[in-house]
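*Asks:* Provided below: upload-v7.cif, containing mmCIF, C-alpha atoms.
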```
data_data
#
loop_
_atom_site.label_atom_id
_atom_site.label_comp_id
_atom_site.auth_asym_id
_atom_site.auth_seq_id
_atom_site.Cartn_x
_atom_site.Cartn_y
_atom_site.Cartn_z
CA MET A 18 0.00 0.00 0.00
CA ASP A 19 1.16 3.55 -0.67
CA PHE A 20 -0.61 5.27 2.27
CA ARG A 21 -0.97 8.37 0.12
CA HIS A 22 -2.87 10.30 2.78
CA LEU A 23 -0.49 9.44 5.61
CA PHE A 24 2.47 10.53 3.52
CA LYS A 25 1.07 13.65 1.90
CA SER A 26 2.34 16.98 3.13
CA GLY A 27 0.42 19.02 5.68
CA LYS A 28 0.59 22.36 7.45
CA ILE A 29 0.55 23.43 11.07
CA GLY A 30 0.29 27.19 11.07
CA PRO A 31 2.71 28.47 8.42
CA VAL A 32 5.02 25.44 8.73
CA ASN A 33 4.91 22.71 6.07
CA LEU A 34 5.42 19.10 7.16
CA LYS A 35 6.51 16.47 4.66
CA ASN A 36 3.99 13.92 5.98
CA ARG A 37 1.31 13.48 8.63
CA ILE A 38 3.35 11.41 11.10
CA VAL A 39 4.38 13.02 14.39
CA ARG A 40 6.68 11.66 17.04
CA SER A 41 4.80 12.62 20.19
CA ALA A 42 6.88 14.03 23.07
CA THR A 43 8.63 11.18 24.87
CA TYR A 44 10.91 11.28 27.89
CA ASP A 45 14.28 9.82 26.85
CA GLY A 46 16.50 10.24 29.93
CA ARG A 47 19.56 11.36 27.98
CA SER A 48 20.23 14.86 29.33
CA ASP A 49 22.86 15.60 31.97
CA ARG A 50 21.69 17.99 34.72
CA GLY A 51 19.38 19.51 32.13
CA PHE A 52 22.07 19.96 29.45
CA VAL A 53 22.00 18.32 26.03
CA THR A 54 24.50 15.44 25.63
CA GLU A 55 26.04 13.73 22.60
CA ASP A 56 23.88 10.70 23.38
CA HIS A 57 20.86 13.02 23.35
CA ILE A 58 21.82 14.35 19.92
CA GLN A 59 22.42 10.87 18.47
CA PHE A 60 19.03 9.74 19.77
CA TYR A 61 17.24 12.54 17.89
CA GLU A 62 19.39 12.14 14.78
CA GLU A 63 18.18 8.54 14.56
CA LEU A 64 14.57 9.71 14.83
CA ALA A 65 15.15 12.33 12.14
CA GLN A 66 16.57 9.69 9.80
CA GLY A 67 13.53 7.48 10.35
CA GLY A 68 11.20 9.44 8.09
CA VAL A 69 8.92 11.21 10.59
CA GLY A 70 7.47 14.58 9.57
CA LEU A 71 7.56 16.29 12.96
CA ILE A 72 9.48 15.43 16.12
CA VAL A 73 8.24 16.83 19.44
CA SER A 74 11.03 16.83 22.01
CA GLY A 75 10.87 15.21 25.40
CA ALA A 76 9.28 17.54 27.97
CA THR A 77 11.61 20.49 28.62
CA VAL A 78 11.50 22.20 32.01
CA VAL A 79 10.66 25.93 32.23
CA ASP A 80 11.66 26.47 35.89
CA ALA A 81 13.98 24.71 38.33
CA SER A 82 11.02 24.02 40.63
CA GLY A 83 9.30 21.90 37.97
CA SER A 84 11.97 19.37 37.12
CA GLY A 85 11.31 15.66 36.89
CA GLY A 86 15.02 14.83 37.26
CA LYS A 87 18.53 15.67 36.07
CA THR A 88 18.14 13.62 32.90
CA GLN A 89 15.31 15.88 31.68
CA PRO A 90 16.25 18.84 29.42
CA TYR A 91 16.02 22.36 30.88
CA LEU A 92 15.48 25.77 29.28
CA PHE A 93 14.97 27.99 32.33
CA ASN A 94 18.07 30.08 31.69
CA ASP A 95 20.38 30.95 28.81
CA SER A 96 23.10 28.48 29.85
CA PHE A 97 21.09 25.63 28.32
CA MET A 98 20.74 27.28 24.92
CA GLU A 99 24.09 26.31 23.39
CA GLY A 100 23.34 22.59 23.68
CA GLN A 101 19.77 23.08 22.50
CA LYS A 102 21.01 24.89 19.41
CA ARG A 103 23.36 21.99 18.63
CA LEU A 104 20.47 19.56 19.02
CA VAL A 105 18.19 21.54 16.71
CA ASN A 106 20.93 21.92 14.10
CA ALA A 107 21.60 18.17 14.17
CA VAL A 108 17.94 17.42 13.48
CA HIS A 109 17.74 20.10 10.81
CA ASP A 110 20.63 18.48 8.96
CA TYR A 111 17.78 16.29 7.71
CA SER A 112 16.21 19.35 6.13
CA GLU A 113 12.69 18.03 5.69
CA VAL A 114 12.21 17.11 9.36
CA LYS A 115 10.56 19.71 11.60
CA PHE A 116 11.32 19.93 15.30
CA ALA A 117 9.11 21.19 18.14
CA VAL A 118 10.02 21.71 21.79
CA GLN A 119 7.57 20.66 24.49
CA LEU A 120 7.53 22.95 27.53
CA MET A 121 6.33 21.78 30.93
CA HIS A 122 6.42 22.07 34.72
CA MET A 123 5.71 19.04 36.92
CA GLY A 124 3.26 20.99 39.09
CA ARG A 125 1.55 18.91 41.78
CA GLN A 126 3.57 15.83 40.72
CA THR A 127 6.93 17.38 41.62
CA ILE A 128 9.15 15.22 43.83
CA HIS A 129 12.29 17.27 44.44
CA PRO A 130 14.61 17.62 47.47
CA LYS A 131 14.66 21.42 47.16
CA PHE A 132 11.22 22.27 45.80
CA PRO A 133 7.79 21.19 47.07
CA PRO A 134 4.99 20.25 44.66
CA ILE A 135 2.92 23.28 43.69
CA GLY A 136 -0.45 23.84 42.08
CA PRO A 137 -3.38 26.20 41.74
CA SER A 138 -4.89 24.74 44.93
CA ALA A 139 -3.79 22.59 47.87
CA VAL A 140 -5.50 19.39 46.72
CA PRO A 141 -3.71 16.24 48.00
CA ASN A 142 -1.98 14.13 45.37
CA LYS A 143 -2.60 10.52 46.34
CA SER A 144 -0.04 9.12 43.91
CA ILE A 145 2.86 10.76 45.81
CA ASN A 146 1.11 11.18 49.18
CA MET A 147 1.84 14.90 49.23
CA THR A 148 -0.26 18.06 49.17
CA PRO A 149 0.96 20.76 46.77
CA LYS A 150 1.52 24.32 47.90
CA GLU A 151 -1.14 26.68 46.54
CA ILE A 152 0.67 29.39 44.61
CA SER A 153 -0.16 33.07 44.95
CA MET A 154 -1.37 35.41 42.22
CA GLU A 155 2.16 36.82 42.00
CA GLU A 156 3.55 33.32 41.55
CA VAL A 157 1.00 32.58 38.81
CA GLU A 158 2.30 35.60 36.90
CA TYR A 159 5.88 34.45 37.53
CA PHE A 160 5.22 31.02 36.02
CA ILE A 161 3.45 32.54 33.02
CA GLY A 162 6.69 34.46 32.47
CA ALA A 163 8.73 31.28 32.91
CA PHE A 164 6.82 29.53 30.11
CA VAL A 165 7.11 32.59 27.88
CA ASP A 166 10.85 33.00 28.51
CA ALA A 167 11.52 29.31 27.82
CA GLY A 168 9.46 29.54 24.63
CA ARG A 169 11.44 32.56 23.48
CA ARG A 170 14.70 30.71 24.15
CA ALA A 171 13.41 27.70 22.19
CA TYR A 172 12.51 29.95 19.28
CA GLU A 173 15.98 31.54 19.37
CA CYS A 174 17.49 28.03 19.38
CA GLY A 175 15.78 27.37 16.05
CA TYR A 176 12.86 25.11 16.97
CA ASP A 177 10.15 25.09 14.31
CA MET A 178 7.26 24.92 16.80
CA ILE A 179 6.51 25.21 20.51
CA GLN A 180 4.17 22.82 22.31
CA LEU A 181 2.71 23.56 25.75
CA HIS A 182 2.17 20.44 27.87
CA ALA A 183 -1.30 20.84 29.39
CA ALA A 184 -2.07 17.17 30.07
CA HIS A 185 -1.26 14.26 32.40
CA ASP A 186 -1.81 16.18 35.66
CA TYR A 187 1.14 18.53 35.16
CA PHE A 188 1.17 22.26 35.99
CA LEU A 189 -0.97 23.68 33.16
CA ASN A 190 -3.37 20.74 33.37
CA ASN A 191 -3.67 21.42 37.12
CA PHE A 192 -5.12 24.84 36.30
CA LEU A 193 -7.47 23.53 33.61
CA CYS A 194 -8.92 20.78 35.82
CA PRO A 195 -11.77 21.79 38.19
CA TYR A 196 -10.78 18.99 40.59
CA THR A 197 -7.24 20.31 41.12
CA ASN A 198 -8.10 24.01 40.63
CA ARG A 199 -10.41 25.35 43.36
CA ARG A 200 -9.24 28.95 43.27
CA GLU A 201 -11.68 31.82 43.71
CA ASP A 202 -9.68 34.44 41.82
CA GLU A 203 -9.42 35.13 38.10
CA TYR A 204 -7.55 31.84 37.52
CA GLY A 205 -10.23 29.57 39.01
CA GLY A 206 -13.92 28.79 38.84
CA SER A 207 -15.33 29.03 35.32
CA THR A 208 -13.86 27.29 32.29
CA GLU A 209 -12.71 30.68 30.99
CA ASN A 210 -10.91 31.48 34.25
CA ARG A 211 -9.21 28.10 34.51
CA THR A 212 -8.01 28.41 30.92
CA ARG A 213 -6.76 31.96 31.46
CA ILE A 214 -3.18 30.94 32.32
CA VAL A 215 -2.77 29.03 29.05
CA VAL A 216 -4.32 31.88 27.06
CA LYS A 217 -1.96 34.40 28.67
CA ILE A 218 1.08 32.25 27.94
CA TYR A 219 0.04 31.99 24.30
CA GLN A 220 -0.64 35.73 23.95
CA GLN A 221 2.59 36.83 25.61
CA LEU A 222 4.68 34.25 23.76
CA ARG A 223 3.13 35.24 20.45
CA GLU A 224 4.16 38.85 21.14
CA GLU A 225 7.73 37.64 21.78
CA ILE A 226 8.22 35.39 18.77
CA GLY A 227 5.88 36.73 16.11
CA LYS A 228 3.68 34.67 13.80
CA SER A 229 6.19 32.46 11.97
CA CYS A 230 6.49 29.83 14.73
CA PRO A 231 3.38 27.74 15.47
CA ILE A 232 2.30 27.34 19.09
CA ILE A 233 0.53 24.04 19.70
CA ILE A 234 -0.77 22.27 22.79
CA LYS A 235 -1.05 18.79 24.28
CA LEU A 236 -4.46 18.96 25.93
CA GLN A 237 -6.05 16.87 28.63
CA THR A 238 -9.44 15.64 27.41
CA ILE A 239 -10.23 13.20 30.23
CA ASP A 240 -8.49 12.66 33.55
CA GLY A 241 -10.69 10.33 35.60
CA PHE A 242 -11.09 12.61 38.62
CA MET A 243 -14.60 12.88 40.02
CA GLY A 244 -15.51 16.42 39.07
CA GLY A 245 -12.47 16.75 36.83
CA ILE A 246 -12.11 17.16 33.08
CA ASP A 247 -14.47 15.10 30.96
CA LEU A 248 -14.92 15.29 27.21
CA GLU A 249 -17.64 17.94 27.43
CA GLU A 250 -15.41 20.20 29.53
CA ALA A 251 -12.42 19.49 27.28
CA LYS A 252 -14.41 20.64 24.28
CA LYS A 253 -15.19 23.95 26.02
CA ILE A 254 -11.50 24.42 26.82
CA ALA A 255 -10.47 23.52 23.28
CA ASP A 256 -12.99 26.00 21.84
CA ILE A 257 -11.32 28.76 23.85
CA LEU A 258 -7.87 27.66 22.67
CA VAL A 259 -8.96 27.57 19.03
CA LYS A 260 -10.37 31.09 19.32
CA THR A 261 -7.15 32.19 21.05
CA GLY A 262 -5.14 31.11 18.02
CA PHE A 263 -3.40 27.84 18.90
CA ASP A 264 -2.13 26.24 15.71
CA ALA A 265 -2.82 22.57 16.61
CA ILE A 266 -4.17 20.45 19.46
CA GLU A 267 -2.98 16.99 20.48
CA PRO A 268 -5.86 15.54 22.57
CA SER A 269 -4.62 13.25 25.35
CA GLY A 270 -5.70 12.11 28.80
CA GLY A 271 -5.02 10.25 32.00
CA SER A 272 -2.80 10.86 35.01
CA SER A 273 -0.61 8.79 37.29
CA GLU A 274 -2.93 9.47 40.23
CA THR A 275 -6.15 8.21 38.63
CA MET A 276 -4.38 5.19 37.13
CA ASN A 277 -2.91 4.30 40.54
CA MET A 278 -6.39 4.59 42.03
CA GLY A 279 -7.56 1.82 39.69
CA ASP A 280 -9.54 4.18 37.47
CA ARG A 281 -11.11 2.62 34.39
CA ILE A 282 -12.42 5.83 32.85
CA THR A 283 -9.09 6.64 31.26
CA PRO A 284 -7.14 4.09 29.17
CA SER A 285 -4.58 1.82 30.77
CA TYR A 286 -2.28 2.43 27.78
CA THR A 287 -1.83 -1.33 27.27
CA ILE A 288 -3.18 -2.80 24.04
CA ASP A 289 -4.08 -6.47 23.75
CA SER A 290 -6.20 -6.37 20.58
CA PRO A 291 -6.76 -4.12 17.54
CA GLU A 292 -10.04 -2.92 19.09
CA GLU A 293 -8.05 -1.28 21.90
CA GLU A 294 -5.95 0.82 19.54
CA ASN A 295 -6.55 4.54 18.82
CA TYR A 296 -8.07 5.04 22.27
CA PHE A 297 -8.32 8.83 22.01
CA LEU A 298 -10.03 8.75 18.60
CA ALA A 299 -13.48 9.56 20.03
CA ASN A 300 -11.98 12.52 21.90
CA ALA A 301 -10.43 13.85 18.70
CA LYS A 302 -13.71 13.38 16.82
CA SER A 303 -15.53 15.44 19.44
CA LEU A 304 -13.02 18.30 19.23
CA LYS A 305 -13.18 18.20 15.43
CA THR A 306 -16.77 19.49 15.59
CA ILE A 307 -15.57 22.82 17.04
CA GLU A 308 -16.19 25.63 14.57
CA ASP A 309 -13.05 26.51 12.60
CA CYS A 310 -11.11 23.91 14.58
CA CYS A 311 -7.35 24.00 14.23
CA PRO A 312 -5.50 20.85 13.08
CA LEU A 313 -5.85 17.86 15.39
CA ILE A 314 -3.06 15.38 16.14
CA LEU A 315 -4.32 11.91 17.08
CA VAL A 316 -2.22 10.23 19.76
CA GLY A 317 -2.87 7.17 21.89
CA GLY A 318 -2.49 3.61 20.66
CA VAL A 319 -1.88 4.39 16.98
CA ARG A 320 -0.24 1.23 15.70
CA ASN A 321 -1.71 0.34 12.28
CA PRO A 322 -1.02 2.48 9.19
CA ILE A 323 -4.15 1.31 7.35
CA PRO A 324 -6.75 2.90 9.69
CA ALA A 325 -4.37 5.81 10.34
CA ASP A 326 -4.35 6.61 6.62
CA LYS A 327 -8.14 6.40 6.56
CA PHE A 328 -8.54 8.77 9.53
CA ILE A 329 -6.68 11.42 7.54
CA GLU A 330 -8.48 10.65 4.28
CA GLU A 331 -11.86 11.08 6.01
CA ASN A 332 -10.73 14.30 7.75
CA ILE A 333 -11.33 12.80 11.18
CA VAL A 334 -7.89 14.05 12.24
CA ASP A 335 -5.12 15.90 10.48
CA PHE A 336 -2.02 14.15 11.84
CA ILE A 337 -1.24 10.98 13.77
CA ALA A 338 1.30 10.78 16.58
CA MET A 339 3.09 7.93 18.31
CA SER A 340 5.38 7.68 21.30
CA ARG A 341 6.23 4.12 22.37
CA PRO A 342 6.46 2.72 18.80
CA PHE A 343 9.38 5.07 18.11
CA ILE A 344 11.24 3.72 21.12
CA ARG A 345 11.14 0.32 19.44
CA GLU A 346 11.32 1.45 15.79
CA PRO A 347 12.70 4.94 15.07
CA ASN A 348 12.65 3.91 11.39
CA LEU A 349 8.91 3.09 11.41
CA PRO A 350 7.74 5.85 8.97
CA ASN A 351 10.31 4.74 6.40
CA ARG A 352 9.15 1.15 6.75
CA TRP A 353 5.55 2.12 6.08
CA ARG A 354 6.48 4.47 3.24
CA GLU A 355 8.38 1.66 1.54
CA GLY A 356 5.19 -0.44 1.45
CA ASP A 357 5.42 -2.63 4.56
CA SER A 358 1.89 -2.29 5.96
CA THR A 359 2.40 -4.38 9.10
CA PRO A 360 1.60 -2.51 12.33
CA ALA A 361 4.24 -1.08 14.63
CA GLU A 362 6.25 -3.76 16.42
CA CYS A 363 5.52 -2.05 19.75
CA ILE A 364 2.97 -4.11 21.67
CA SER A 365 2.30 -1.48 24.35
CA CYS A 366 3.53 -3.66 27.21
CA ASN A 367 4.77 -0.51 29.01
CA ALA A 368 8.04 -2.18 30.03
CA CYS A 369 9.80 0.93 28.66
CA TYR A 370 8.16 2.90 31.49
CA GLY A 371 10.29 0.96 33.96
CA THR A 372 13.46 1.89 32.09
CA MET A 373 12.44 5.55 32.33
CA ILE A 374 12.43 5.32 36.12
CA ARG A 375 15.93 3.82 36.11
CA GLY A 376 17.53 6.02 33.45
CA LYS A 377 17.61 6.00 29.65
CA VAL A 378 14.44 4.84 27.94
CA TYR A 379 14.63 1.77 25.74
CA CYS A 380 12.43 -1.10 24.51
CA VAL A 381 12.59 -4.25 26.66
CA PRO A 382 12.91 -7.19 24.24
CA LYS A 383 11.98 -10.11 26.49
CA ARG A 384 8.71 -8.64 27.73
CA ARG A 385 7.94 -7.36 24.23
CA LEU A 386 8.31 -10.82 22.73
CA GLN A 387 6.04 -12.45 25.31
CA ARG A 388 3.28 -9.91 24.85
CA ARG A 389 3.66 -9.99 21.06
CA LYS A 390 3.01 -13.73 21.02
CA ARG A 391 -0.12 -13.31 23.14
CA ARG A 392 -1.34 -10.49 20.95
CA ALA A 393 -0.76 -12.47 17.76
CA ALA A 394 -2.70 -15.40 19.22
CA LYS A 395 -5.65 -13.16 20.08
CA SER A 396 -5.60 -11.52 16.64
CA ARG A 397 -5.85 -14.92 14.95
CA LYS A 398 -9.03 -15.62 16.90
CA ILE A 399 -10.69 -12.35 15.86
#
```
Go through the file and emit its structure as structure tokens.
*Replies:*
Amino acid sequence: MDFRHLFKSGKIGPVNLKNRIVRSATYDGRSDRGFVTEDHIQFYEELAQGGVGLIVSGATVVDASGSGGKTQPYLFNDSFMEGQKRLVNAVHDYSEVKFAVQLMHMGRQTIHPKFPPIGPSAVPNKSINMTPKEISMEEVEYFIGAFVDAGRRAYECGYDMIQLHAAHDYFLNNFLCPYTNRREDEYGGSTENRTRIVVKIYQQLREEIGKSCPIIIKLQTIDGFMGGIDLEEAKKIADILVKTGFDAIEPSGGSSETMNMGDRITPSYTIDSPEEENYFLANAKSLKTIEDCCPLILVGGVRNPIPADKFIEENIVDFIAMSRPFIREPNLPNRWREGDSTPAECISCNACYGTMIRGKVYCVPKRRLQRRKRRAAKSRKI
């Protein structure tokens, strides 16, 4: 098969992408105290060679208080820019590949010896057994500036796009979610107020960098909290973001806290049959009905190029994104483009998550093989 829709060019804002395949932001564990390393650069060079249209970097920290560890990249001061420029230039050596930075703060999930977890409200986080410090209005403005400054640095480093991470129970998601945001000021309460921090970051960053660099967002569309974000609320948030001017939305969902609580509202991220693939497709379809909706990037269990090509052909989504499959197969887009229509070798066993906790992320062959055999057996029965 030629997958002519999957491999046709597309646009996000003013930036042209050679195809519709996105490498979704994935923690890789290859930075050193926040600085780019040679191993880091080689990792992204391999992705760039693999045929993907857009690479979104692993989450990059905008303030020292929001770090997930020393192996995560930082951009909270100018000292990190030299390495980031080298990284961007290495990827751009493959001239058709575009590169986006993802900006984030750990928020209420922060576990740091020097910094306590923080959030819009002091709502206990059961996954880490800690209660975040409620930040003041002055601190809200400070963190808006931190995101804007990091975005400006990323733009000056040569990134083609900037993605705000507003999902998975991190800082920006904490403000969007009515369960974790119980403020009574202009940043809490209504959907418009809870979205205000993201809107301000966009507006101020747009003033800094102009119109040539798209600003996109990874958006929480379901989190599993009682009284949290559901699809109806996510659609209201997305409508505000579309009207604000965001250039693309990547609908996602879930959090470590709700998954640890045994929640079954959000996906478990394991896939044992083809029916369990594309688990955020319904969420993307709902957002697609927003008037003048910006491009949508489908993430979550995308494994098979045949339905992925059809989703784009039928204008259900505009791009498809994958994370774990690229850990196993950085060359996956080239394989599909050359006519091999077999799904990604990744079987979503999540064993790579364990490697993330220990250090560098990689695919775990033994577990992968066991799960692949079980999956193949189930597929034969269907």
*Asks:* Just want the 6 Å neighbourhood of range 150-152 of chain A, counted on all atoms listed in the file, with same-chain residues fewer than 6 positions away dropped. Output as a list in words.
*Replies:*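 Listing them by chain and then by number gives Ile135, Gly136, Pro137, Ser138 and Ala139 of chain A.
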*Asks:* Leaving out Tyr286 in chain A and any residue of its chain fewer than 6 positions from it, which residues lie within 9 Å of it when counting all atoms listed in the file, given as a ChimeraX atom specification?
*Replies:* /A:296,317-318,365-367
*Asks:* Which one of A:Thr372, A:Ser340, A:Thr88, A:Thr197 sits closest to Ile72 in chain A if you count all atoms listed in the file?
*Replies:*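 Among A:Thr372, A:Ser340, A:Thr88, A:Thr197, it is A:Ser340 that comes nearest to Ile72 in chain A.
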*Asks:* Apply the PyMOL selection byres ((chain A and resi 223) around 12) to the file shown and report the selected residues as a PyMOL selection string.
*Replies:* chain A and resi 164-166+168-169+172+178-179+216-222+224-233+261-264
*Asks:* Could you state which residues are captured by the PyMOL selection byres ((chain A and resi 185) around 9) in this file, as a VMD selection string?
*Replies:* chain A and resid 182 to 184 186 to 187 190 to 191 236 to 237 240 269 to 273
*Asks:* Just the residues within 12 Å of Glu201 in chain A, please, counting all atoms listed in the file, with nothing from its chain fewer than 5 positions along; format it as a list of chain:residue names.
*Replies:*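 Surrounding residues, per the criterion: A:Pro137, A:Ser138, A:Ser153, A:Met154, A:Pro195, A:Gly206, A:Ser207, A:Asn210, A:Arg211.
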*Asks:* Which residues are close to Pro324 in chain A, i.e. within 12 Å by all atoms listed in the file, leaving aside same-chain residues fewer than 5 positions away? Reply as a ChimeraX atom specification.
*Replies:* /A:20,22-23,291-292,294-295,298,315,318-319,329-331,333-334,337,358-360
*Asks:* Smallest atom-to-atom distance to Leu313 in chain A: which of A:Ala368, A:Ile161, A:Ile374, A:Val39, using all atoms listed in the file?
*Replies:*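 Of A:Ala368, A:Ile161, A:Ile374, A:Val39, the one nearest Leu313 in chain A is A:Val39, counting all atoms listed in the file.
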*Asks:* If you count all atoms listed in the file, which residues fall within 9 Å of Arg213 in chain A, apart from same-chain ones fewer than 4 positions away, as a PyMOL selection string?
*Replies:* chain A and resi 192-193+203-205+208-209+217-218
*Asks:* Using all atoms listed in the file, can you tell me which of A:Gly83, A:Gly371, A:Gly75, A:Pro322 comes closest to Ile38 in chain A?
*Replies:*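 When distances to Ile38 in chain A are compared using all atoms listed in the file, the smallest one comes from A:Pro322.
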*Asks:* When you draw a straight line from CA of Lys305 in chain A to CA of Val118 in chain A, how long is it in Å?
*Replies:* 24.3 Å
*Asks:* Let me have the centre and edge lengths in Å, one decimal, of the box along x, y and z around every listed atom of range 199-204 of chain A with 6 Å of margin on each side, as JSON.
*Replies:*
```
{"center_x": -9.6, "center_y": 30.2, "center_z": 40.6, "size_x": 16.1, "size_y": 21.8, "size_z": 18.2}
```
